[in-house]
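Read through the structure below, which is laid out as structure tokens, and then see the notes.
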Amino acid sequence: MMAHLHTSYESAELTRPPILKLSRAYCVLAIGAALLISVCFYFNSASLGDNAGFGRFIIVLNWVGLIMLVGAIIYGFRMARQAKVDAARNAELLQEAKQRTMEIAALYDTSQDVAVKNELTAMLEVILERAKTLLGAAGCAIFLYDKEHDDFQIAVEVGVGMPIGTHLSRYEGLAGRVAENLGPLIINDYQTWPFRSKTLMQLPIRAVVCVPMVRGGELIGVLGVHEVGGTVRTFTEADARLLSIFGDNAAGAVHNARLLDALHNSEERFRIAAGCASDIVYDWDLTADRVDYFGVLFERSRANNTIIARTRKEYWDLVHPEDRQRVQDALREHFETGKPFSQEYRIGIGKGTYFNVSDRATAIRNQKGHPIRLIGAVSDITARKQAEQMKSDFVSFVTHQLRTPLSGVKWLLELATDVIDDPEEVKSLIQDARTSTERLIRLVNDLLDVSRLERGKLQLNYTNINLADLTADVVNEMMPLITERRQNLSTESVPGLPPVRVDSQMLRQVMLNLISNAMKYTPSGGKIDIRIDRKNDLAVWSIRDTGIGIPTTERGKLFEKFYRAGNVLAVETEGTGLGLYLVRLIVERFGGKVWCDSEEGVGSTFLFTLPISDQRST
Amino acid sequence: MKDIRVLLIEDDQFLRRACEVSLKKRGFTVMTAVDGEEGLQQARTATPDIILLDMLMPKLSGLDTLKRLKNDERTQRIPVVILSNSAAESNIQKASELGAAGYIVKASISLRELGDRVVSYIHSADR
């Protein structure tokens with residue numbers, strides 16, 4: 001490309017025609033003067049007698065010859081000077097042209113650089129400016145072909161002020177003709193050319209030469225150079241040839257810019273998509289063995305100074321040793337057979353901590369089908385894994401809690417059939433079986449309540465309730481058990497507390513749960529105090545026990561589903577881990593809050609609030 | 001047939017009662033404990049032929065009890081059969097690693113079968 005450009009410029013006949021005209025005029029003058037003077041000398045030396053008339057004629061002729069000679073000399077000087085100026089100017093132009101060509105070539109060669117995209121307009125303007133100068137024309141323009149609309153758009157222009165951005169029909173005017181024939185077209189009298197564009201006919205264009213811009217057999221646009229009215233300049237085939245070189249250049253520049261634009265767009269899209277995903281998207285260059293990462297999770301990891309693997313070796317080192325072989329095998333299989341790669345494994349983030357991740361990837365292959373890149377997404381599934389673990393823990397816990405009374409019932413009844421001849425024993429065994437059944441029913445009811453409350457499906461019957469009355473009711477119901485355990489229970493209530501608007505059955509369950517918890521964890525002879533208070537618009541119900549208390553670290557988790565404090569198992573194992581969770585669900589449903597104050601070994605206080613219902617509004 | 005002495009460590013009163021009565025009817029000598037600590041003490045002093053051990057218990061869990069039984073030379077030769085309602089794979093594996101002779105899920109077995117199993121465990125331990 002470069003070599004081709006250079007030879008073309010060097011062979012270009014730049015501004016030779018004016019110089020030729022000058023030298024022809026000079027020759028005529030000089031030869032004419034020399035002839036006249038020679039004739040004069042010949043007649044002077046020959047005796048002409050006293051033919052005075054002829055002698056005077058010769059003298060006049062002699063003077064004419066001398067004047068012509070002087071004129072020729074002066075003309076010669078001027079011409080020499082002009083030639084010198086022209087030569088200098090040509091040298092300068094040629095130099096500039098070479099310089100620009102190199103610049104263009106350099107831009108062209110380095111057009112892999114994204115920066116070129118933004119430079120396209122500037123670059124095309126440089127090309128136009130040069131074309132205009134080299135062809136000594138008034139203006140120059142590029143009409144880019146718009147594939148999508150199948151028309152032309154005036155993209156860049158120097159000189160005559162064409163309306164940039166204007167669309168021209170695909171078959172309109174000169175550009176249309178050039179595009180049709182894919183060859184250069186010279187119109188030296190544009191104003192009378194019948195096919196000129198309606199859009200551009202107002203412009204004072206007189207002569208014009210247009211060439212197609214073609215790249216890889218595809219029409220990119222049309223490049224035109226034009227002369228305006230008032231000049232006599234016309235365009236030649238040589239001009240068209242010269243312009244073609246610029247056309248090729250411009251086509252190359254546009255083509256590359258478009259490629260880069262497309263590349264840039266898709267890369268941008270990729271980055272945006274990767275950035276939006278809560279995953280890490282990675283791009284592993286298999287030949288260079290380099291991994292690049294994108295995405296929120298990656299940015300977060302980087303911010304946390306998490307180790308980042310840059311080669312695949314480093315990456316494998318981070319994968320949990322127990323998972324490594326399996327993942328490597330799956331990846332190899334994907335490379336070899338194309339079987340989709342999707343694996344879950346643990347990945348180290350330092351200090352023996354592991355993330356659970358899900359990794360899906362696809363290899364990009366060369367023409368031979370060898371994988372050259374691997375693009376994939378890694379999602380953090382630690383939370384999901386934890387949820388799965390919780391679910392499986394829940395299932396096994398509930399299974400256990402259901403099986404225990406069930407197997408009790410089963411064995412007690414089996415035994416009862418074995419001792420059928422001892423009615424007292426049978427009765428006692430059946431009584432035990434019944435108690436086991438009740439425990440089973442309680443558990444199932446709790447599970448159902450939790451499930452309904454969680455889904456908001458429980459039908460609630462709201463009424464105005466006096467907290468002190470309801471508390472007294474529940475305490476009365478439990479009194480036999482309290483007496484049996486020789487525990488002291490006291491209730492204290494602030495006078496004149498307005499009612500709360502709740503479902504009394506559900507609130508009764510809250511109180512039952514909290515009172516039986518207090519009883520369960522308070523030793524025989526211990527004290528339990530219930531207080532009903534008011535704080536602004538809230539009723540505060542609290543129960544203080546003198547039980548084993550709750551470790552500080554576990555207090556926040558108490559109200560979570562299936563959570564059981566570590567020191568609880570030492571006392572009893574029948575709890576479902578649902579009681580306090582149910583309490584929370586119910587209290588929150590009524591617009592209240594529940595929490596716990598406790599000191600391990602001293603006792604616990606459980607409190608809940610309920611909004612006081614406004615009497616006037618009900 | 002010699003007298004078979006069974007130690008039953010079970011915190012649930014109903015299950016304990018059913019097991020105890022059933023095994024006694026079969027002619028075994030049955031000792032009971034309501035938690036791991038009590039069970040360990042009885043195992044050391046009474047040296048039963050077999051121990052039936054619940055998993056989820058207050059004070060000392062079944063697995064911890066098993067570990068201590070196997071670490072004590074007075075009790076390490078006694079076959080321990082886990083009697084639990086948890087069928088979690090991890091529990092079964094841990095129990096086996098700690099040297100349990102067997103693992104029985106309570107809900108999946110009748111009292112009659114339990115008695116049969118006790119006999120067969122003792123026989124295989126004797127051989």
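Starting from 1 in every chain, residues are counted up; chains themselves are A, B, ... following the order of the structure tokens, and ligands are numbered from 1 as listed.
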
- Exercise answer, chain B residues close to chain A, 6 Å and only C-alpha atoms, as a ChimeraX atom specification: /B:14-15,18,58-59,85-86,107

- Which of chain B counts as strand (DSSP E or B) under DSSP, as a PyMOL selection string please? chain B and resi 5-9+29-33+50-53+80-84+102-105

- Message: So that I can see what lies close to range 235-248 of chain A, please list as a ChimeraX atom specification the residues with an atom at most 8 Å from it, counting only C-alpha atoms and leaving out residues fewer than 5 positions away in the same chain.
- Response: /A:5,8-9,12,127-128,131,135,184-188,207-215,222-223

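Take CA of Gly526 in chain A and CA of Gly577 in chain A: the distance between them is 23.7 Å.
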
- Item | For range 31-39 of chain B: contacts at 6 Å, only C-alpha atoms, fewer than 2 positions along chain excluded, given as a ChimeraX atom specification | /B:7-11,41-42,57,60,65

Selection file, N, CA and C atoms, as a PDB file, in the first residue's frame:
```pdb
ATOM      1  N   LEU B   7     -27.895 -52.187  78.381  1.00  0.00           N
ATOM      2  CA  LEU B   7     -27.999 -50.824  78.938  1.00  0.00           C
ATOM      3  C   LEU B   7     -28.687 -49.950  77.893  1.00  0.00           C
ATOM      4  N   LEU B   8     -29.816 -49.357  78.267  1.00  0.00           N
ATOM      5  CA  LEU B   8     -30.584 -48.512  77.355  1.00  0.00           C
ATOM      6  C   LEU B   8     -30.418 -47.060  77.784  1.00  0.00           C
ATOM      7  N   ILE B   9     -29.801 -46.256  76.910  1.00  0.00           N
ATOM      8  CA  ILE B   9     -29.609 -44.830  77.220  1.00  0.00           C
ATOM      9  C   ILE B   9     -30.540 -44.041  76.293  1.00  0.00           C
ATOM     10  N   GLU B  10     -31.622 -43.516  76.878  1.00  0.00           N
ATOM     11  CA  GLU B  10     -32.681 -42.881  76.073  1.00  0.00           C
ATOM     12  C   GLU B  10     -33.367 -41.814  76.930  1.00  0.00           C
ATOM     13  N   ASP B  11     -33.494 -40.585  76.366  1.00  0.00           N
ATOM     14  CA  ASP B  11     -34.063 -39.503  77.185  1.00  0.00           C
ATOM     15  C   ASP B  11     -35.579 -39.423  77.088  1.00  0.00           C
ATOM     16  N   GLN B  41     -21.758 -43.673  83.421  1.00  0.00           N
ATOM     17  CA  GLN B  41     -21.533 -44.194  84.774  1.00  0.00           C
ATOM     18  C   GLN B  41     -21.979 -45.649  84.884  1.00  0.00           C
ATOM     19  N   GLN B  42     -23.205 -45.892  84.372  1.00  0.00           N
ATOM     20  CA  GLN B  42     -23.760 -47.247  84.448  1.00  0.00           C
ATOM     21  C   GLN B  42     -22.918 -48.224  83.652  1.00  0.00           C
ATOM     22  N   MET B  57     -29.636 -36.167  72.959  1.00  0.00           N
ATOM     23  CA  MET B  57     -29.934 -36.245  74.389  1.00  0.00           C
ATOM     24  C   MET B  57     -29.386 -35.017  75.091  1.00  0.00           C
ATOM     25  N   LEU B  60     -25.105 -34.841  77.496  1.00  0.00           N
ATOM     26  CA  LEU B  60     -24.043 -35.399  76.670  1.00  0.00           C
ATOM     27  C   LEU B  60     -24.713 -36.090  75.484  1.00  0.00           C
ATOM     28  N   THR B  65     -21.094 -39.470  73.957  1.00  0.00           N
ATOM     29  CA  THR B  65     -21.125 -40.613  74.873  1.00  0.00           C
ATOM     30  C   THR B  65     -20.378 -41.796  74.254  1.00  0.00           C
TER      31      THR B  65
END
```
